[in-house]
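Coordinates from protein_4.cif are shown below (mmCIF, C-alpha atoms).
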data_upload
loop_
_atom_site.group_PDB
_atom_site.id
_atom_site.type_symbol
_atom_site.label_atom_id
_atom_site.label_comp_id
_atom_site.auth_asym_id
_atom_site.auth_seq_id
_atom_site.Cartn_x
_atom_site.Cartn_y
_atom_site.Cartn_z
ATOM 1 C CA MET A 1 16.607 -39.908 -18.002
ATOM 2 C CA GLU A 2 19.160 -39.739 -20.789
ATOM 3 C CA TYR A 3 21.897 -42.374 -20.966
ATOM 4 C CA ARG A 4 24.733 -41.154 -23.187
ATOM 5 C CA LEU A 5 26.406 -44.211 -24.665
ATOM 6 C CA THR A 6 29.956 -43.537 -25.863
ATOM 7 C CA ALA A 7 31.381 -46.989 -26.671
ATOM 8 C CA VAL A 8 30.388 -50.596 -27.252
ATOM 9 C CA ALA A 9 32.487 -53.765 -27.351
ATOM 10 C CA PRO A 10 31.255 -57.210 -28.389
ATOM 11 C CA LEU A 11 31.835 -59.944 -25.808
ATOM 12 C CA GLU A 12 31.615 -63.709 -25.781
ATOM 13 C CA ALA A 13 28.197 -65.357 -25.381
ATOM 14 C CA ALA A 14 26.333 -62.637 -27.333
ATOM 15 C CA LYS A 15 26.911 -59.886 -24.804
ATOM 16 C CA LEU A 16 27.834 -56.234 -25.271
ATOM 17 C CA LEU A 17 30.009 -54.130 -22.994
ATOM 18 C CA LEU A 18 28.454 -50.671 -22.921
ATOM 19 C CA THR A 19 30.394 -47.613 -21.785
ATOM 20 C CA TYR A 20 28.581 -44.405 -20.867
ATOM 21 C CA ALA A 21 29.763 -40.803 -20.745
ATOM 22 C CA ASP A 22 29.965 -40.861 -16.945
ATOM 23 C CA GLY A 23 32.341 -43.873 -17.090
ATOM 24 C CA GLU A 24 29.732 -46.432 -16.068
ATOM 25 C CA GLN A 25 30.054 -49.796 -17.781
ATOM 26 C CA ARG A 26 27.153 -52.214 -18.191
ATOM 27 C CA LEU A 27 26.577 -55.616 -19.787
ATOM 28 C CA PHE A 28 23.731 -56.141 -22.248
ATOM 29 C CA ASP A 29 22.748 -59.708 -23.149
ATOM 30 C CA VAL A 30 21.676 -59.972 -26.785
ATOM 31 C CA SER A 31 20.939 -63.727 -26.611
ATOM 32 C CA PRO A 32 17.184 -63.372 -25.846
ATOM 33 C CA TYR A 33 16.781 -61.642 -29.229
ATOM 34 C CA LEU A 34 18.759 -64.081 -31.402
ATOM 35 C CA ASP A 35 15.686 -66.107 -32.436
ATOM 36 C CA ARG A 36 13.720 -63.054 -33.599
ATOM 37 C CA GLY A 37 13.569 -61.898 -37.220
ATOM 38 C CA ILE A 38 16.509 -59.820 -38.370
ATOM 39 C CA PHE A 39 18.358 -60.441 -35.085
ATOM 40 C CA THR A 40 19.083 -64.064 -36.138
ATOM 41 C CA GLN A 41 21.937 -62.638 -38.238
ATOM 42 C CA LEU A 42 23.690 -61.675 -34.989
ATOM 43 C CA ARG A 43 24.396 -65.368 -34.319
ATOM 44 C CA ASP A 44 27.394 -65.051 -36.657
ATOM 45 C CA PRO A 45 30.287 -63.988 -34.379
ATOM 46 C CA ALA A 46 32.079 -62.117 -37.185
ATOM 47 C CA TYR A 47 28.951 -60.099 -37.920
ATOM 48 C CA PHE A 48 28.111 -59.604 -34.235
ATOM 49 C CA SER A 49 31.542 -58.035 -33.749
ATOM 50 C CA ARG A 50 30.684 -55.279 -36.264
ATOM 51 C CA VAL A 51 28.494 -53.487 -33.701
ATOM 52 C CA ARG A 52 28.997 -49.731 -33.316
ATOM 53 C CA VAL A 53 27.558 -46.732 -31.479
ATOM 54 C CA VAL A 54 25.477 -44.399 -33.637
ATOM 55 C CA SER A 55 23.655 -41.411 -32.139
ATOM 56 C CA GLY A 56 23.484 -42.980 -28.689
ATOM 57 C CA HIS A 57 22.273 -46.438 -29.667
ATOM 58 C CA VAL A 58 24.025 -49.551 -30.982
ATOM 59 C CA GLU A 59 23.571 -50.852 -34.490
ATOM 60 C CA TRP A 60 24.923 -53.337 -36.999
ATOM 61 C CA PRO A 61 25.430 -52.819 -40.760
ATOM 62 C CA ARG A 62 22.184 -54.551 -41.804
ATOM 63 C CA GLY A 63 19.949 -52.434 -39.570
ATOM 64 C CA GLN A 64 19.698 -54.334 -36.305
ATOM 65 C CA ASP A 65 19.685 -51.911 -33.407
ATOM 66 C CA PHE A 66 18.759 -51.335 -29.773
ATOM 67 C CA SER A 67 17.532 -48.039 -28.343
ATOM 68 C CA PRO A 68 19.378 -46.219 -25.552
ATOM 69 C CA ASP A 69 16.556 -46.933 -23.087
ATOM 70 C CA THR A 70 16.464 -50.655 -23.896
ATOM 71 C CA LEU A 71 20.233 -50.912 -23.581
ATOM 72 C CA TYR A 72 20.355 -49.229 -20.196
ATOM 73 C CA LEU A 73 17.219 -50.655 -18.602
ATOM 74 C CA ARG A 74 17.878 -54.244 -19.710
ATOM 75 C CA SER A 75 21.590 -54.283 -18.915
ATOM 76 C CA THR A 76 23.400 -54.959 -15.666
ATOM 77 C CA PRO A 77 26.253 -53.074 -14.009
ATOM 78 C CA CYS A 78 29.658 -54.487 -14.902
ATOM 79 C CA SER A 79 31.498 -55.513 -11.755
ATOM 80 C CA SER A 80 34.480 -57.348 -13.252
ATOM 81 C CA LYS A 81 36.527 -57.243 -16.424
ATOM 82 C CA PRO A 82 34.563 -59.078 -19.156
ATOM 83 C CA VAL A 83 36.087 -61.368 -21.774
ATOM 84 C CA LEU A 84 36.228 -59.721 -25.193
ATOM 85 C CA ALA A 85 34.924 -61.680 -28.152
ATOM 86 C CA THR A 86 37.250 -62.773 -30.902
ATOM 87 C CA SER A 87 36.174 -62.868 -34.505
ATOM 88 C CA ALA A 88 37.192 -65.835 -36.631
#
Whole structure given in structure tokens:
Amino acid sequence: MEYRLTAVAPLEAAKLLLTYADGEQRLFDVSPYLDRGIFTQLRDPAYFSRVRVVSGHVEWPRGQDFSPDTLYLRSTPCSSKPVLATSA
């Protein structure tokens, strides 16, 4: 199945709000990855907020990324309005 990601927004507590082409919104928790290699850089809130959608996946300027399948299968449906992160 193809999950067409159209937007991403960084949230508090190392989470991402994912928006798909069909309007579905899901929450992806990045925190389990923050102790692994290049993902440790995502601990910096200012850097974490630089996330963007590129060709259906999310990525950061220094090469950290998550595939469309990982994002969808390891995220949860968003049932309420999440709190957006603020960069310092």
Practice item. Pull out every residue that the PyMOL selection byres ((chain A and resi 63) around 12) matches in the shown coordinates and put them as an NGL selection string. Key: :A and (37-39 or 41-42 or 47 or 50-52 or 54 or 57-62 or 64-66)
Point to revise | Target residues per the PyMOL selection byres ((chain A and resi 13) around 12), formatted as a PyMOL selection string | key: chain A and resi 10-12+14-17+27-32+34+42-45+48-49+82-86
Practice item. Using CA of Tyr72 (chain A) and CA of Arg4 (chain A) as the two end points, give the distance in Å to one decimal. Key: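 Distance between the two atoms: 9.7 Å.
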Point to revise | Sphere at (22.0, -51.6, -18.5), radius 9 Å, counting all atoms listed in the file: residues as an MDAnalysis selection string | key: chainID A and resid 18 25:28 69:78
Check your understanding: So how far away is CA of Thr19 (chain A) from CA of Thr6 (chain A), in Å?
Key ->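 Separation of CA of Thr6 (chain A) and CA of Thr19 (chain A): 5.8 Å.
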Check your understanding: What does the distance from CA of Ala46 (chain A) to CA of Val8 (chain A) come to in Å, to one decimal?
Key ->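 Spanning CA of Ala46 (chain A) to CA of Val8 (chain A) is a straight-line distance of 15.3 Å.
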